[in-house]
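The structure appears below as structure tokens.
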Amino acid sequence: METVKRVGIDTNIFIGIFLEEKEKIEPSLAILKLISDGVLEGVVSVISLIEIAILFFQKNEMQKGRKAIEFIKALPNITIVDITSDMVLSIANTKISEKLSIADAVVLSATVKLSSDVFLTYDDDFAKVKKIQCMKPEDYLEKELRKN
Amino acid sequence: MIIEKNLKKNSGLELPKELLKKAHLLGKVSIIIEKNEIIIKKVSKRSVSIDKIVGLGEGIFDKDSVTLQKELRKEWKR
């Protein structure tokens with residue numbers, strides 16, 4: 001039996017792809033490709049799906065919002081983590097100890113719950129997190145490349 | 001096939017090959033350890049076209065991805 005590395009993915013990684021953001025698109029797509037190929041396993045909080053849907057719905061783009069959510073849900077090797085009552089203390093602890101907003105703590109807790117190796121984000125609010133390594137997709141890819 | 005094991009501290013959990021074969025678990029797997037259960041999932045090899053979501057939000061949003069995320073998370077304070 002060979003196990004795969006698990007990576008948490010923040011909402012902004014998906015939004016960057018939807019917006020085709022110049023410097024972010026290539027490394028972000030590379031991560032999704034590694035996940036769909038089974039080299040990595042992805043972890044996404046259900047909050048991220050809600051955030052993505054809201055963004056499109058706010059702009060009256062219901063169909064695109066649905067398409068985005070269906071796509072993420074259908075991605076192979078992605079685990080979508082629901083918020084459950086057994087995560088309450090962990091979220092509260094993460095919010096206080098890491099000095100994060102409640103929303104950031106909830107999203108991060110999904111990644112921590114599944115014992116992921118790293119949380120991938122472009123949001124610098126996570127820069128000082130100690131509980132788990134938080135980094136940009138390109139930094140993670142470079143780190144893994146150096147290892148091999 | 002159901003296997004019950006009484007695990008002691010520092011002991012390992014070795015699963016019989018027969019069980020792994022029966023569950024089609026040979027090859028790459030993902031293991032999730034919960035409080036009272038261990039979930040073993042086989043890594044999927046189903047391919048999807050990721051490119052079809054590239055640019056899905058083009059012309060809809062006028063801010064970058066991190067700003068959009070930060071604005072959404074600020075709404076928790078309302």
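Naming scheme: A, B, ... for chains in displayed order of the structure tokens; residues 1 onward per chain; ligands 1 onward as shown.
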Review point. Where in chain A does DSSP assign strand (DSSP E), given as an MDAnalysis selection string?
Key: chainID A and resid 2:3 5:9 40:45 78:81 118:120 133:135
Report as a tab-separated table: every residue of region 26-58 of chain A with an atom at most 10 Å from region 2-22 of chain A, its closest pair of atoms, and their distance in Å to one decimal, counting only C-alpha atoms, with rows sorted by chain and ascending residue number.
residue	atom	partner	partner_atom	distance
A:Glu26	CA	A:Lys22	CA	7.9
A:Pro27	CA	A:Ile13	CA	9.5
A:Ser28	CA	A:Ile13	CA	6.2
A:Leu29	CA	A:Ile17	CA	7.2
A:Ile31	CA	A:Val7	CA	9.2
A:Leu32	CA	A:Phe14	CA	9.4
A:Ile35	CA	A:Val7	CA	9.0
A:Gly38	CA	A:Val4	CA	7.6
A:Val39	CA	A:Val4	CA	6.4
A:Leu40	CA	A:Lys5	CA	5.2
A:Glu41	CA	A:Arg6	CA	4.6
A:Gly42	CA	A:Val7	CA	5.1
A:Val43	CA	A:Gly8	CA	4.5
A:Val44	CA	A:Ile9	CA	5.6
A:Ser45	CA	A:Asp10	CA	8.0
A:Val46	CA	A:Thr11	CA	9.9
A:Ile47	CA	A:Thr11	CA	8.4
A:Ser48	CA	A:Thr11	CA	4.9
A:Leu49	CA	A:Thr11	CA	7.6
A:Ile50	CA	A:Thr11	CA	9.5
A:Glu51	CA	A:Thr11	CA	7.3
A:Ile52	CA	A:Thr11	CA	7.1
A:Leu55	CA	A:Ile15	CA	9.2
**Study point:** Residue neighbourhood Ile32 (chain B), 12 Å, only C-alpha atoms, exclusion window fewer than 2 positions, as a list in words
**Key:** Thr3, Val4, Lys5, Arg6, Glu41, Val43, Thr79, Val81, Thr111, Val112, Lys113, Leu114, Ser115 and Ser116 of chain A; Val29, Ser30, Glu34, Lys35, Asn36, Glu37, Ile38, Ile39, Ile40, Lys41 and Lys42 of chain B
Those residues with N, CA and C atoms, as an mmCIF file, in the first residue's frame please?
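Done, and the output landed in selection.cif:
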data_model
loop_
_atom_site.group_PDB
_atom_site.id
_atom_site.type_symbol
_atom_site.label_atom_id
_atom_site.label_comp_id
_atom_site.auth_asym_id
_atom_site.auth_seq_id
_atom_site.Cartn_x
_atom_site.Cartn_y
_atom_site.Cartn_z
ATOM 1 N N THR A 3 0.752 5.431 0.273
ATOM 2 C CA THR A 3 -0.174 6.527 0.598
ATOM 3 C C THR A 3 0.225 7.805 -0.144
ATOM 4 N N VAL A 4 -0.759 8.676 -0.318
ATOM 5 C CA VAL A 4 -0.496 9.921 -1.047
ATOM 6 C C VAL A 4 -0.458 11.099 -0.075
ATOM 7 N N LYS A 5 0.233 12.159 -0.463
ATOM 8 C CA LYS A 5 0.293 13.360 0.364
ATOM 9 C C LYS A 5 -1.004 14.140 0.208
ATOM 10 N N ARG A 6 -1.395 14.762 1.317
ATOM 11 C CA ARG A 6 -2.674 15.471 1.331
ATOM 12 C C ARG A 6 -2.430 16.986 1.442
ATOM 13 N N GLU A 41 -3.640 14.264 -2.731
ATOM 14 C CA GLU A 41 -5.065 14.261 -2.401
ATOM 15 C C GLU A 41 -5.417 15.677 -1.944
ATOM 16 N N VAL A 43 -7.874 18.601 -0.092
ATOM 17 C CA VAL A 43 -8.866 18.772 0.970
ATOM 18 C C VAL A 43 -9.459 20.178 0.840
ATOM 19 N N THR A 79 -11.356 15.648 -1.157
ATOM 20 C CA THR A 79 -12.279 15.396 -0.047
ATOM 21 C C THR A 79 -12.872 16.728 0.390
ATOM 22 N N VAL A 81 -14.750 18.699 3.138
ATOM 23 C CA VAL A 81 -14.962 18.500 4.574
ATOM 24 C C VAL A 81 -16.128 19.354 5.066
ATOM 25 N N THR A 111 -8.531 21.341 6.829
ATOM 26 C CA THR A 111 -7.226 20.833 6.401
ATOM 27 C C THR A 111 -6.512 20.137 7.558
ATOM 28 N N VAL A 112 -6.602 20.758 8.725
ATOM 29 C CA VAL A 112 -5.937 20.191 9.915
ATOM 30 C C VAL A 112 -6.627 18.889 10.320
ATOM 31 N N LYS A 113 -7.964 18.880 10.233
ATOM 32 C CA LYS A 113 -8.734 17.701 10.637
ATOM 33 C C LYS A 113 -8.287 16.454 9.870
ATOM 34 N N LEU A 114 -8.003 16.631 8.608
ATOM 35 C CA LEU A 114 -7.614 15.479 7.786
ATOM 36 C C LEU A 114 -6.098 15.259 7.765
ATOM 37 N N SER A 115 -5.407 15.857 8.735
ATOM 38 C CA SER A 115 -3.947 15.704 8.865
ATOM 39 C C SER A 115 -3.218 15.951 7.541
ATOM 40 N N SER A 116 -3.558 17.049 6.910
ATOM 41 C CA SER A 116 -2.897 17.376 5.636
ATOM 42 C C SER A 116 -1.454 17.800 5.889
ATOM 43 N N VAL B 29 -3.296 4.444 -2.037
ATOM 44 C CA VAL B 29 -4.484 4.712 -1.220
ATOM 45 C C VAL B 29 -4.325 5.991 -0.410
ATOM 46 N N SER B 30 -5.442 6.488 0.063
ATOM 47 C CA SER B 30 -5.445 7.642 0.946
ATOM 48 C C SER B 30 -6.042 7.187 2.276
ATOM 49 N N GLU B 34 -9.804 9.168 11.751
ATOM 50 C CA GLU B 34 -10.783 9.906 12.554
ATOM 51 C C GLU B 34 -10.662 9.421 13.990
ATOM 52 N N LYS B 35 -11.461 10.010 14.873
ATOM 53 C CA LYS B 35 -11.348 9.641 16.289
ATOM 54 C C LYS B 35 -11.618 8.158 16.519
ATOM 55 N N ASN B 36 -12.695 7.657 15.924
ATOM 56 C CA ASN B 36 -13.052 6.260 16.174
ATOM 57 C C ASN B 36 -13.054 5.389 14.923
ATOM 58 N N GLU B 37 -12.497 5.905 13.864
ATOM 59 C CA GLU B 37 -12.475 5.101 12.632
ATOM 60 C C GLU B 37 -11.312 5.491 11.734
ATOM 61 N N ILE B 38 -10.939 4.564 10.902
ATOM 62 C CA ILE B 38 -9.902 4.828 9.905
ATOM 63 C C ILE B 38 -10.534 4.595 8.542
ATOM 64 N N ILE B 39 -10.428 5.598 7.674
ATOM 65 C CA ILE B 39 -11.012 5.466 6.340
ATOM 66 C C ILE B 39 -9.882 5.262 5.332
ATOM 67 N N ILE B 40 -9.945 4.164 4.599
ATOM 68 C CA ILE B 40 -8.951 3.912 3.550
ATOM 69 C C ILE B 40 -9.652 4.028 2.204
ATOM 70 N N LYS B 41 -9.186 4.962 1.390
ATOM 71 C CA LYS B 41 -9.817 5.160 0.077
ATOM 72 C C LYS B 41 -8.800 4.891 -1.016
ATOM 73 N N LYS B 42 -9.255 4.246 -2.053
ATOM 74 C CA LYS B 42 -8.365 4.019 -3.176
ATOM 75 C C LYS B 42 -8.261 5.303 -3.997
#
Check your understanding: Would you give me, as number ranges by chain, the residues in chain B that DSSP reads as alpha helix (DSSP H)?
Key -> B: 17-22, 65-74
**Study point:** Residue among B:Arg46, B:Lys8, B:Lys52, B:Lys21 lying closest to Ala68 (chain A), counting only C-alpha atoms
**Key:**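 Looking only at the distances to Ala68 (chain A), the closest residue turns out to be B:Lys52.
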Exercise for review: For chain B, list the residues within 7 Å of chain A, counting only C-alpha atoms, and write the list as a list in words.
Suggested key: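 The answer, sorted by residue number, is Leu26, Gly27, Lys28, Val29, Ser30, Ile32, Val43, Ser44, Lys45, Arg46, Ser47, Ile53, Val54, Gly55, Leu56, Gly57, Glu58, Ser65, Val66, Gln69, Leu72, Arg73 and Trp76 of chain B.
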Applying 8 Å and only C-alpha atoms, which residues near Ser109 (chain A) remain after dropping the ones on its own chain fewer than 5 positions away? List them as a PDB file with N, CA and C atoms, in the first residue's frame.
ATOM      1  N   MET A  87     -15.755  19.390  15.370  1.00  0.00           N
ATOM      2  CA  MET A  87     -14.694  20.325  14.977  1.00  0.00           C
ATOM      3  C   MET A  87     -14.762  21.634  15.777  1.00  0.00           C
ATOM      4  N   SER A  90     -11.720  22.507  17.988  1.00  0.00           N
ATOM      5  CA  SER A  90     -10.535  22.691  17.154  1.00  0.00           C
ATOM      6  C   SER A  90     -10.580  24.039  16.415  1.00  0.00           C
ATOM      7  N   ILE A  91     -11.769  24.406  15.922  1.00  0.00           N
ATOM      8  CA  ILE A  91     -11.922  25.693  15.219  1.00  0.00           C
ATOM      9  C   ILE A  91     -11.690  26.852  16.205  1.00  0.00           C
ATOM     10  N   THR A  94      -8.034  27.064  16.997  1.00  0.00           N
ATOM     11  CA  THR A  94      -7.270  27.601  15.861  1.00  0.00           C
ATOM     12  C   THR A  94      -7.477  29.110  15.749  1.00  0.00           C
TER      13      THR A  94
END
